[in-house]
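Structure file my_file.cif (mmCIF, C-alpha atoms) is printed below.
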```cif
data_model
loop_
_atom_site.label_atom_id
_atom_site.label_comp_id
_atom_site.auth_asym_id
_atom_site.auth_seq_id
_atom_site.Cartn_x
_atom_site.Cartn_y
_atom_site.Cartn_z
CA MET A 972 -14.58 34.38 93.20
CA CYS A 973 -12.41 32.12 95.33
CA VAL A 974 -10.12 29.12 95.13
CA GLU A 975 -11.73 26.90 97.74
CA ASN A 976 -12.42 24.09 95.27
CA THR A 977 -8.82 23.92 94.07
CA PRO A 978 -7.07 20.78 95.38
CA PRO A 979 -4.29 21.28 97.94
CA PRO A 980 -0.81 21.69 96.46
CA SER A 981 1.29 18.58 96.08
CA SER A 982 4.50 18.34 98.06
CA ARG A 983 5.97 16.12 95.33
CA LEU A 984 7.14 19.24 93.50
CA THR A 985 9.34 20.28 96.41
CA ARG A 986 12.63 18.93 95.02
CA ARG A 987 11.78 18.88 91.35
CA GLY A 988 10.33 21.17 88.72
CA VAL A 989 9.45 24.33 90.60
CA LEU A 990 12.56 24.33 92.75
CA ALA A 991 14.81 23.37 89.87
CA GLY A 992 13.67 26.61 88.27
CA ALA A 993 14.32 28.49 91.51
CA ALA A 994 17.85 27.07 91.65
CA ALA A 995 18.45 28.16 88.07
CA LEU A 996 17.23 31.70 88.83
CA ALA A 997 19.35 31.91 91.94
CA GLY A 998 22.40 30.53 90.16
CA THR A 999 22.89 27.90 92.82
CA SER A 1000 22.92 24.98 90.40
CA ALA A 1001 26.10 26.23 88.75
CA VAL A 1002 27.77 26.82 92.11
CA LEU A 1003 26.90 23.33 93.31
CA ALA A 1004 28.16 21.79 90.08
CA ALA A 1005 31.47 23.65 90.32
CA SER A 1006 31.88 22.80 94.00
CA THR A 1007 31.31 19.09 93.50
CA SER A 1008 33.19 18.67 90.22
CA PRO A 1009 35.83 15.92 90.04
CA ALA A 1010 38.57 18.54 89.89
CA ASN A 1011 37.46 20.17 93.10
CA ALA A 1012 36.66 16.87 94.78
CA ALA A 1013 40.21 15.76 94.19
CA GLY A 1014 41.51 18.97 95.69
CA GLY A 1015 40.48 18.23 99.24
CA ARG A 1016 38.91 21.17 101.07
CA GLU A 1017 37.61 22.87 97.94
CA GLY A 1018 35.51 19.83 97.15
CA ARG A 1019 34.06 19.36 100.63
CA THR A 1020 30.33 19.71 101.00
CA ASN A 1021 30.37 19.56 104.80
CA GLY A 1022 32.14 21.42 107.58
CA GLY A 1023 35.85 21.85 107.98
CA ASP A 1024 38.41 21.31 110.76
CA LEU A 1025 40.07 24.42 112.14
CA VAL A 1026 41.75 25.75 115.28
CA ILE A 1027 41.51 29.47 115.97
CA GLU A 1028 43.99 30.59 118.57
CA GLY A 1029 45.40 33.64 120.30
CA GLY A 1030 42.49 36.06 120.08
CA THR A 1031 40.06 37.48 122.64
CA LEU A 1032 36.86 35.45 122.76
CA LEU A 1033 33.49 37.09 123.48
CA ASP A 1034 30.51 35.01 124.57
CA PRO A 1035 27.41 37.13 123.84
CA ALA A 1036 25.22 34.97 126.07
CA THR A 1037 27.15 35.74 129.25
CA GLY A 1038 29.26 38.73 128.25
CA GLU A 1039 32.34 36.80 129.34
CA VAL A 1040 35.60 37.83 127.71
CA THR A 1041 38.47 35.32 127.44
CA GLU A 1042 41.94 36.47 126.44
CA ASP A 1043 44.39 34.23 124.58
CA ALA A 1044 41.52 31.93 123.68
CA VAL A 1045 41.39 28.82 121.53
CA VAL A 1046 38.40 27.60 119.49
CA VAL A 1047 38.57 24.05 118.14
CA ILE A 1048 36.23 23.22 115.27
CA VAL A 1049 35.85 19.65 113.98
CA ASP A 1050 33.72 18.88 110.92
CA GLY A 1051 32.11 22.30 111.15
CA VAL A 1052 31.11 22.05 114.81
CA VAL A 1053 32.78 23.60 117.86
CA ARG A 1054 34.43 20.92 119.96
CA SER A 1055 35.80 23.33 122.58
CA ALA A 1056 36.29 27.04 123.18
CA GLY A 1057 38.01 28.84 126.03
CA LYS A 1058 41.35 29.49 127.68
CA ARG A 1059 44.37 28.00 125.97
CA VAL A 1060 45.47 26.14 129.09
CA ARG A 1061 42.11 24.35 129.28
CA THR A 1062 41.69 23.53 125.59
CA GLU A 1063 43.20 20.51 123.89
CA VAL A 1064 44.36 21.23 120.34
CA PRO A 1065 44.24 18.28 117.89
CA HIS A 1066 47.65 17.36 116.51
CA GLY A 1067 48.25 18.50 112.95
CA ALA A 1068 45.10 20.66 112.79
CA GLU A 1069 44.98 23.71 110.52
CA VAL A 1070 45.51 26.81 112.65
CA LEU A 1071 44.17 30.32 112.15
CA ASP A 1072 46.20 32.88 114.10
CA ALA A 1073 43.83 35.35 115.80
CA HIS A 1074 46.37 37.30 117.87
CA GLY A 1075 45.33 40.93 118.05
CA SER A 1076 41.75 40.13 117.03
CA TRP A 1077 38.50 39.54 118.89
CA ILE A 1078 36.66 36.28 118.23
CA LEU A 1079 32.87 36.28 118.01
CA PRO A 1080 30.26 33.83 116.75
CA GLY A 1081 29.05 34.45 113.20
CA LEU A 1082 26.23 36.98 113.11
CA VAL A 1083 22.58 36.44 112.20
CA ASP A 1084 20.66 38.61 109.73
CA ALA A 1085 17.01 38.00 110.64
CA HIS A 1086 15.58 39.85 107.63
CA ILE A 1087 17.32 39.62 104.27
CA HIS A 1088 16.27 38.96 100.67
CA LEU A 1089 18.67 36.53 98.97
CA ASN A 1090 17.83 35.98 95.33
CA THR A 1091 21.15 34.75 93.98
CA ALA A 1092 24.19 32.71 94.92
CA ALA A 1093 26.32 35.85 94.61
CA GLU A 1094 24.15 37.69 97.13
CA ALA A 1095 24.34 34.73 99.49
CA ARG A 1096 28.13 34.73 99.29
CA ASP A 1097 28.25 38.49 99.93
CA ALA A 1098 26.09 38.06 103.02
CA VAL A 1099 28.52 35.52 104.47
CA LEU A 1100 31.55 37.66 103.71
CA GLY A 1101 29.78 40.55 105.43
CA GLY A 1102 29.51 38.51 108.61
CA ALA A 1103 26.03 36.98 108.33
CA THR A 1104 26.68 33.26 108.62
CA SER A 1105 23.02 32.59 109.44
CA ALA A 1106 19.92 34.39 108.21
CA ARG A 1107 16.17 34.44 107.78
CA SER A 1108 14.70 35.29 104.40
CA GLY A 1109 12.21 38.11 104.02
CA SER A 1110 10.76 36.29 100.96
CA THR A 1111 11.68 36.02 97.27
CA ASN A 1112 9.54 36.13 94.14
CA PHE A 1113 10.26 32.63 92.82
CA PHE A 1114 11.43 30.49 95.76
CA GLN A 1115 15.09 31.39 95.20
CA ASP A 1116 15.64 31.49 98.95
CA ILE A 1117 14.77 27.81 99.23
CA ALA A 1118 17.40 27.06 96.62
CA VAL A 1119 19.91 29.21 98.54
CA ARG A 1120 19.07 27.29 101.72
CA GLU A 1121 19.89 24.04 99.95
CA LEU A 1122 23.14 25.52 98.65
CA ALA A 1123 24.10 26.42 102.23
CA ARG A 1124 23.53 22.84 103.33
CA GLN A 1125 25.68 21.42 100.56
CA VAL A 1126 28.42 24.06 100.33
CA PRO A 1127 28.23 26.11 103.54
CA ARG A 1128 31.02 28.50 102.62
CA GLN A 1129 28.84 29.82 99.78
CA ALA A 1130 25.74 30.84 101.74
CA PRO A 1131 24.44 31.56 105.23
CA ARG A 1132 22.47 28.93 107.13
CA LEU A 1133 19.02 30.06 106.05
CA ARG A 1134 15.41 30.00 107.19
CA ALA A 1135 13.50 30.42 103.92
CA ALA A 1136 10.17 32.27 103.58
CA GLY A 1137 9.33 31.35 100.01
CA VAL A 1138 6.94 33.80 98.32
CA PHE A 1139 5.26 36.82 99.89
CA VAL A 1140 1.65 36.56 101.08
CA THR A 1141 0.52 39.89 99.67
CA PRO A 1142 -2.64 41.19 97.94
CA ASP A 1143 -0.97 41.60 94.53
CA LEU A 1144 1.27 38.67 93.66
CA GLY A 1145 2.20 40.06 90.26
CA ASP A 1146 4.58 37.77 88.39
CA THR A 1147 4.90 35.56 91.48
CA VAL A 1148 1.83 33.65 90.23
CA LEU A 1149 4.33 32.15 87.76
CA ALA A 1150 6.48 30.78 90.59
CA ASP A 1151 4.34 27.68 90.99
CA PRO A 1152 1.52 26.08 88.97
CA ASP A 1153 -0.55 25.90 92.15
CA LEU A 1154 -0.53 29.69 92.42
CA THR A 1155 -1.89 30.37 88.93
CA PRO A 1156 -5.60 30.07 89.92
CA LEU A 1157 -5.06 33.21 92.02
CA ALA A 1158 -4.54 35.24 88.84
CA LYS A 1159 -8.32 35.07 88.30
CA LEU A 1160 -9.09 36.96 91.50
CA ARG A 1161 -10.26 40.50 90.80
CA ASP A 1162 -9.46 41.77 94.29
CA GLY A 1163 -6.20 39.90 94.67
CA VAL A 1164 -5.18 37.64 97.52
CA ARG A 1165 -7.61 38.76 100.22
CA SER A 1166 -10.17 36.05 100.89
CA PRO A 1167 -9.46 33.41 103.57
CA GLU A 1168 -9.24 30.78 100.84
CA ALA A 1169 -6.73 32.75 98.77
CA LEU A 1170 -4.60 33.60 101.79
CA ARG A 1171 -4.59 29.97 102.85
CA ARG A 1172 -3.64 28.89 99.33
CA VAL A 1173 -0.45 30.99 99.25
CA VAL A 1174 0.56 29.72 102.68
CA GLU A 1175 -0.12 26.11 101.69
CA VAL A 1176 1.94 26.42 98.51
CA ASN A 1177 4.83 27.84 100.54
CA LEU A 1178 4.60 25.00 103.03
CA ALA A 1179 4.43 22.39 100.28
CA ARG A 1180 7.56 23.81 98.67
CA GLY A 1181 9.48 23.67 101.95
CA ALA A 1182 9.27 27.17 103.43
CA ASP A 1183 10.51 27.46 107.03
CA VAL A 1184 8.53 30.62 107.82
CA ILE A 1185 5.73 32.65 106.22
CA LYS A 1186 6.06 36.32 105.27
CA THR A 1187 3.08 38.65 104.98
CA ARG A 1188 2.30 42.34 105.33
CA VAL A 1189 -0.14 44.69 106.99
CA ASN A 1190 1.01 47.96 105.35
CA GLU A 1191 2.27 49.15 101.99
CA ARG A 1192 5.99 49.60 101.32
CA ALA A 1193 8.18 52.47 102.51
CA GLY A 1194 10.75 51.94 99.76
CA LEU A 1195 8.39 52.80 96.89
CA PRO A 1196 7.59 56.52 96.60
CA GLU A 1197 4.18 55.88 95.05
CA GLN A 1198 3.03 53.81 98.05
CA ASP A 1199 1.88 55.00 101.47
CA PRO A 1200 3.59 52.93 104.20
CA LEU A 1201 0.81 53.81 106.64
CA ALA A 1202 -1.94 52.47 104.38
CA GLN A 1203 -3.23 49.13 105.65
CA VAL A 1204 -3.71 46.29 103.17
CA TYR A 1205 -4.83 43.46 105.49
CA ASP A 1206 -7.00 43.66 108.60
CA ARG A 1207 -6.63 41.59 111.76
CA GLU A 1208 -9.03 38.93 110.51
CA GLN A 1209 -7.05 38.42 107.30
CA LEU A 1210 -3.77 38.32 109.19
CA SER A 1211 -5.27 35.79 111.58
CA ALA A 1212 -6.12 33.58 108.59
CA VAL A 1213 -2.47 33.68 107.48
CA VAL A 1214 -1.24 32.90 111.00
CA ALA A 1215 -3.70 30.02 111.40
CA ALA A 1216 -2.69 28.46 108.07
CA ALA A 1217 0.99 28.77 108.96
CA ARG A 1218 0.46 27.26 112.41
CA ARG A 1219 -1.26 24.25 110.89
CA GLY A 1220 2.03 23.62 109.17
CA GLY A 1221 4.02 24.29 112.34
CA LYS A 1222 5.42 27.61 111.08
CA GLY A 1223 5.55 31.17 112.34
CA VAL A 1224 4.82 34.42 110.50
CA LEU A 1225 6.90 37.56 110.04
CA CYS A 1226 4.89 40.65 109.15
CA HIS A 1227 5.93 43.80 107.26
CA SER A 1228 4.40 46.73 109.15
CA TYR A 1229 4.61 50.47 109.78
CA SER A 1230 1.42 52.10 111.12
CA GLU A 1231 0.42 52.02 114.78
CA LYS A 1232 -2.88 50.24 114.07
CA GLY A 1233 -1.28 47.89 111.55
CA CYS A 1234 1.38 46.85 114.06
CA ASP A 1235 -1.26 46.24 116.72
CA ASP A 1236 -3.48 44.20 114.39
CA ALA A 1237 -0.50 42.09 113.33
CA VAL A 1238 0.64 41.37 116.88
CA ARG A 1239 -2.86 40.50 118.09
CA ALA A 1240 -3.31 38.23 115.06
CA GLY A 1241 -0.48 36.12 116.47
CA ILE A 1242 2.54 36.84 114.28
CA ARG A 1243 5.95 35.63 115.44
CA SER A 1244 7.86 38.81 114.57
CA LEU A 1245 7.06 42.40 113.68
CA GLU A 1246 9.23 43.75 110.84
CA HIS A 1247 10.10 47.47 110.47
CA GLY A 1248 7.31 48.65 112.82
CA ALA A 1249 8.32 52.33 112.88
CA PHE A 1250 5.12 53.59 114.52
CA VAL A 1251 4.46 50.69 116.88
CA GLY A 1252 2.65 51.98 119.96
CA GLU A 1253 3.38 51.44 123.64
CA ARG A 1254 0.22 49.36 124.09
CA THR A 1255 1.36 47.06 121.31
CA LEU A 1256 4.85 46.77 122.77
CA HIS A 1257 3.35 45.63 126.06
CA GLU A 1258 1.34 43.03 124.14
CA MET A 1259 4.49 41.92 122.32
CA ARG A 1260 6.27 41.41 125.62
CA ARG A 1261 3.32 39.40 126.94
CA ARG A 1262 3.21 37.19 123.85
CA GLY A 1263 6.96 36.94 123.29
CA THR A 1264 6.60 38.57 119.85
CA TYR A 1265 9.94 39.61 118.35
CA PHE A 1266 10.72 43.04 116.92
CA THR A 1267 12.98 43.18 113.85
CA PRO A 1268 13.19 46.93 113.15
CA THR A 1269 15.53 46.82 110.11
CA LEU A 1270 17.05 50.17 111.06
CA THR A 1271 19.58 49.76 108.25
CA ALA A 1272 16.87 49.84 105.60
CA ILE A 1273 15.13 52.87 107.09
CA ALA A 1274 18.44 54.72 107.46
CA GLY A 1275 19.13 53.90 103.83
CA LEU A 1276 15.99 55.72 102.72
CA ALA A 1277 17.40 58.98 104.03
CA ASP A 1278 20.27 58.67 101.53
CA SER A 1279 17.94 58.10 98.58
CA ALA A 1280 18.12 60.33 95.51
CA ASP A 1281 14.31 60.29 95.47
CA PRO A 1282 13.10 63.25 97.58
CA VAL A 1283 9.99 61.39 98.79
CA LEU A 1284 12.04 58.45 100.06
CA ALA A 1285 14.73 60.70 101.55
CA GLU A 1286 12.17 62.67 103.53
CA ARG A 1287 10.47 59.45 104.60
CA GLY A 1288 13.77 58.10 105.90
CA ARG A 1289 14.55 61.30 107.80
CA GLN A 1290 11.14 61.22 109.45
CA TYR A 1291 10.96 57.51 110.21
CA LEU A 1292 14.47 56.79 111.53
CA PRO A 1293 14.33 58.79 114.81
CA VAL A 1294 10.82 57.46 115.48
CA LEU A 1295 11.99 53.90 114.91
CA LYS A 1296 15.05 54.37 117.15
CA ARG A 1297 12.79 55.50 119.97
CA ALA A 1298 10.57 52.47 119.40
CA VAL A 1299 13.59 50.15 119.54
CA LEU A 1300 14.77 51.60 122.84
CA ALA A 1301 11.25 51.48 124.31
CA ALA A 1302 10.91 47.85 123.21
CA HIS A 1303 14.25 46.94 124.75
CA GLU A 1304 13.46 48.64 128.04
CA LEU A 1305 10.13 46.81 128.21
CA GLY A 1306 11.76 43.46 127.56
CA VAL A 1307 10.48 42.90 124.01
CA PRO A 1308 12.96 40.56 122.26
CA LEU A 1309 14.87 42.25 119.44
CA ALA A 1310 16.48 40.73 116.35
CA ALA A 1311 18.86 42.41 113.91
CA GLY A 1312 17.99 42.44 110.22
CA THR A 1313 19.24 44.59 107.34
CA ASP A 1314 16.37 44.04 104.86
CA SER A 1315 19.05 43.90 102.16
CA SER A 1316 17.60 43.35 98.68
CA GLY A 1317 18.12 44.11 95.02
CA GLY A 1318 21.69 42.82 94.93
CA LYS A 1319 22.92 45.29 97.55
CA ILE A 1320 23.91 43.25 100.60
CA LYS A 1321 24.56 45.44 103.62
CA PRO A 1322 26.76 44.15 106.45
CA ILE A 1323 24.77 42.98 109.44
CA GLY A 1324 27.25 44.92 111.59
CA ARG A 1325 25.57 48.09 110.37
CA GLU A 1326 22.35 47.00 112.09
CA VAL A 1327 24.24 46.35 115.30
CA GLU A 1328 25.73 49.85 115.02
CA LEU A 1329 22.25 51.36 114.69
CA MET A 1330 20.92 49.30 117.60
CA ARG A 1331 23.73 50.81 119.66
CA ALA A 1332 22.85 54.29 118.37
CA ALA A 1333 19.24 53.70 119.44
CA GLY A 1334 20.40 53.40 123.04
CA LEU A 1335 21.23 49.73 123.62
CA SER A 1336 24.49 48.84 125.32
CA ALA A 1337 27.17 47.43 123.02
CA LEU A 1338 26.65 43.92 124.42
CA ASP A 1339 22.87 44.07 124.06
CA ALA A 1340 23.24 45.39 120.52
CA ILE A 1341 25.54 42.46 119.68
CA ARG A 1342 23.00 40.08 121.19
CA THR A 1343 20.36 41.23 118.71
CA ALA A 1344 22.55 39.73 115.96
CA THR A 1345 23.65 36.65 117.91
CA THR A 1346 21.71 35.02 120.75
CA GLY A 1347 18.53 37.06 120.21
CA ALA A 1348 18.21 36.52 116.49
CA ALA A 1349 19.26 32.88 116.88
CA LYS A 1350 16.34 32.26 119.23
CA LEU A 1351 13.91 33.88 116.81
CA LEU A 1352 15.13 31.53 114.07
CA GLY A 1353 14.90 28.51 116.35
CA LEU A 1354 18.68 28.13 116.17
CA ASP A 1355 19.59 29.09 119.73
CA ARG A 1356 21.19 25.69 120.32
CA THR A 1357 23.18 25.94 117.10
CA VAL A 1358 24.31 29.53 116.50
CA GLY A 1359 24.88 32.75 118.40
CA ARG A 1360 27.68 31.42 120.64
CA LEU A 1361 31.00 29.62 120.33
CA ALA A 1362 30.52 26.73 122.73
CA ARG A 1363 30.71 22.96 122.45
CA GLY A 1364 28.15 21.63 119.99
CA PHE A 1365 27.50 24.99 118.32
CA ALA A 1366 28.20 25.74 114.66
CA GLY A 1367 31.77 26.58 113.74
CA ASP A 1368 30.81 29.99 112.37
CA VAL A 1369 33.22 32.69 113.51
CA LEU A 1370 33.92 36.37 113.04
CA LEU A 1371 37.31 37.96 113.68
CA VAL A 1372 37.31 41.72 114.16
CA ASP A 1373 40.23 44.10 114.55
CA GLY A 1374 39.59 45.38 118.06
CA ASP A 1375 37.16 45.37 120.96
CA PRO A 1376 33.52 45.43 119.71
CA LEU A 1377 32.30 46.22 123.22
CA SER A 1378 34.09 49.55 122.87
CA ASP A 1379 33.37 50.06 119.17
CA VAL A 1380 30.57 48.02 117.57
CA THR A 1381 31.33 49.55 114.17
CA LEU A 1382 34.16 47.02 113.91
CA LEU A 1383 31.51 44.40 113.12
CA LYS A 1384 30.81 46.08 109.78
CA LYS A 1385 34.23 45.05 108.47
CA PRO A 1386 35.27 41.66 109.81
CA VAL A 1387 38.92 40.85 109.15
CA ARG A 1388 38.07 37.16 108.70
CA VAL A 1389 34.93 35.05 108.48
CA VAL A 1390 34.81 31.32 109.19
CA ARG A 1391 31.78 29.43 107.95
CA SER A 1392 31.25 25.90 109.26
CA GLY A 1393 34.94 25.53 110.11
CA ILE A 1394 36.15 26.83 106.74
CA ALA A 1395 38.09 30.11 106.78
CA LEU A 1396 37.03 32.42 103.93
#
```
Output the file's structure in the form of C-alpha cells.
Amino acid sequence: MCVENTPPPSSRLTRRGVLAGAAALAGTSAVLAASTSPANAAGGREGRTNGGDLVIEGGTLLDPATGEVTEDAVVVIVDGVVRSAGKRVRTEVPHGAEVLDAHGSWILPGLVDAHIHLNTAAEARDAVLGGATSARSGSTNFFQDIAVRELARQVPRQAPRLRAAGVFVTPDLGDTVLADPDLTPLAKLRDGVRSPEALRRVVEVNLARGADVIKTRVNERAGLPEQDPLAQVYDREQLSAVVAAARRGGKGVLCHSYSEKGCDDAVRAGIRSLEHGAFVGERTLHEMRRRGTYFTPTLTAIAGLADSADPVLAERGRQYLPVLKRAVLAAHELGVPLAAGTDSSGGKIKPIGREVELMRAAGLSALDAIRTATTGAAKLLGLDRTVGRLARGFAGDVLLVDGDPLSDVTLLKKPVRVVRSGIAL
C-alpha cells in the first residue's frame, strides 16, 4: 500500500487553516494579539513589531570569529541591526539614544541553539531569556515551530530567530497524522512511513507548510527506556529518499542518530547535520569532514539522561556521555564543523550556555566552544551573515555576562542581560 496516487499537497494552506491551528496550539496568536493591541501600540516600544534602537557601552566586547577582545567597547544598534561595534573612540553614538550600561560585563553576540523543540510561546520566550536568540527546531508534532518562527518575525523579543523543521519524518507518525489533512492518507499504511512515496509525502507536506529544514531519524530514541537507541529504523536508501525530496525543495536534513552504522548511513545519504551521534566512528567523521557535514552532539540532553530517575535512562546517560565527549573532541580535531544544541523539549528549556560548557569539558578551547554556539551554528543555519558576531549589518542580538567567558564559559549559562533585535529584556 502506498500514497503515490495522492495529489501533491497544496501550499495554499501555508498561512491559513493548518497553521492557524498550530498558532493556537503554540499560544502565539494570543501573544501577537497582546503585542499589537491599541494599548501597547500607543505605548511606544511595547507595541513595536520590529527591532529597537539601543547603545550598549562600557563592556568588554568579544568577537567569536576572530577572538579579538575590545575593552570599553560600544555597540550601536539601530532598528534591530548593528550599525557599529568597537572601541569607544572610534564609534559614533547617536544623540538621545537609549543606553545600556555594560561596565563590568562582557558583551557577546546572542547564542544559537541548533537543536531545540519549541512547542509554545512560553518555551520560545524562555529560550531567549536563556541566551538563545537564534535557533533551529528539532521538529514539533503539529507545526508549532512554524508558528513560533512567525512570532519571532513579528515580535522578536518573544522568540528566537528560528529555522523551523515542521513535523518529524519518522516511521510512526502517531497523532501527527492529524497535523495536516495531506498527512491523513499515511494512517492507512500498515508498515508506517517507510516506502519512498510515503517518505516523500511527509517531506512535501513540510515544504508546502513552510519548513526551513527537514528532520528525520536513523535510530530509535535514547530518552525512552522502552526503545533501543542503537536499533536502526531507516536504511541508507530510505534516508537518501528523504534527502533527495528535501533537496528538491532546496532544504537540508538533520538526522537523529546514535549507532555507528546508523551514523555512517545517514552521512553517506547526504544529510546536512548529524544529531546526537554518540557512537559515530572515525571513518564516518572523516567522511563528514570531506562532505562538510555538521555534528550537533546535544551533550546537554545526554548528560541529562544520567540524572534521570529511571534507572535505564540513568545508566544510558552514564554510558553514552563519555563516549560522546570523545567523539566531539575527535570531530573537532579532524575539522568536522560542530554546532551547539540542547535538544530541550517538553517545556524544560535548558540554557544554551550549558552546551558550551560541555563542549569545553569535551576538550575544546573556551573560544572554540563559544564558536559552536555562535559562528559555527550560525553557518549551519545559513545565518552566518546575520548572527554569531556583533559587527555592522549583523542582528542586534546581544548577551551580557558577568565576567570573562574565555576564562569561565559557565558564565554563559546565566546571562545578566539579553538583548533581542535591539530590545533589552
Hits of the PyMOL selection byres ((chain A and resi 1038) around 12) in this structure, as a ChimeraX atom specification: /A:1032-1037,1039-1041,1079,1336-1342,1345-1346,1360,1376-1377
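Put simply, atom CA of Leu1305 of chain A is 16.1 Å away from atom CA of Phe1250 of chain A.
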Exercise: Val1173 of chain A partners within 9 Å, only C-alpha atoms, chain neighbours under 3 positions left out, as a ChimeraX atom specification: /A:1138-1141,1153-1154,1157,1164,1168-1170,1176-1178,1213
Long-range neighbours of Lys1222 of chain A as a list in words, 8 Å cut-off, all atoms listed in the file, 3 positions minimum in chain: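 Those residues are Asp1183, Val1184, Ile1185, Ala1217, Arg1218 and Arg1219 of chain A.
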Nearest residue to Arg1188 of chain A from the set A:Gly1081, A:Gly1075, A:Gly1137, A:Gly1233 (distances using all atoms listed in the file):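 Residue with the minimum atom-to-atom distance to Arg1188 of chain A: A:Gly1233.
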Minimum-distance residue to Arg1243 of chain A, chosen among A:Asn1112, A:Leu1351, A:Ser1230, A:Thr1271 (using only C-alpha atoms):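 Looking only at the distances to Arg1243 of chain A, the closest residue turns out to be A:Leu1351.
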What are the closest atom pairs, with distances in Å to one decimal, for all residues of segment 1044-1113 of chain A lying within 6 Å of segment 1306-1330 of chain A? Consider all atoms listed in the file, order rows by chain and residue number, and present the result as JSON lines.
```
{"residue": "A:Asp1084", "atom": "CA", "partner": "A:Gly1312", "partner_atom": "CA", "distance": 4.7}
{"residue": "A:Ala1085", "atom": "CA", "partner": "A:Gly1312", "partner_atom": "CA", "distance": 4.6}
{"residue": "A:His1086", "atom": "CA", "partner": "A:Gly1312", "partner_atom": "CA", "distance": 4.4}
{"residue": "A:Ile1087", "atom": "CA", "partner": "A:Asp1314", "partner_atom": "CA", "distance": 4.6}
{"residue": "A:His1088", "atom": "CA", "partner": "A:Ser1316", "partner_atom": "CA", "distance": 5.0}
{"residue": "A:Gly1101", "atom": "CA", "partner": "A:Pro1322", "partner_atom": "CA", "distance": 4.8}
```
Cys1234 of chain A surroundings by all atoms listed in the file, 9 Å radius, close-in-sequence under 4 positions cut, as an MDAnalysis selection string: chainID A and resid 1189:1190 1226:1230 1238:1239 1245 1248:1252 1255
Using all atoms listed in the file: which of A:Thr1111, A:Gln1290, A:Thr999, A:Thr1264 has the shortest distance to Lys1350 of chain A: A:Thr1264
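For the choices A:Ala1237, A:Val1083, A:Ala1093, A:Leu1382, the atom-to-atom distance to Arg1132 of chain A is smallest for A:Val1083 when using all atoms listed in the file.
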Which of A:Val1204, A:Pro1065, A:Val1119, A:Thr1091 sits closest to Asp1143 of chain A [using all atoms listed in the file]: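 Nearest to Asp1143 of chain A: A:Val1204.
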Evaluate the PyMOL selection byres ((chain A and resi 1133) around 9) and report residues as JSON, numbers by chain: {"A": [1104, 1105, 1106, 1107, 1108, 1116, 1117, 1119, 1120, 1121, 1123, 1124, 1130, 1131, 1132, 1134, 1135, 1183]}
Selected residue of minimal separation from Phe1365 of chain A among A:Pro1167, A:Gly1275, A:Gly1393, A:Gly1181, counting only C-alpha atoms: A:Gly1393
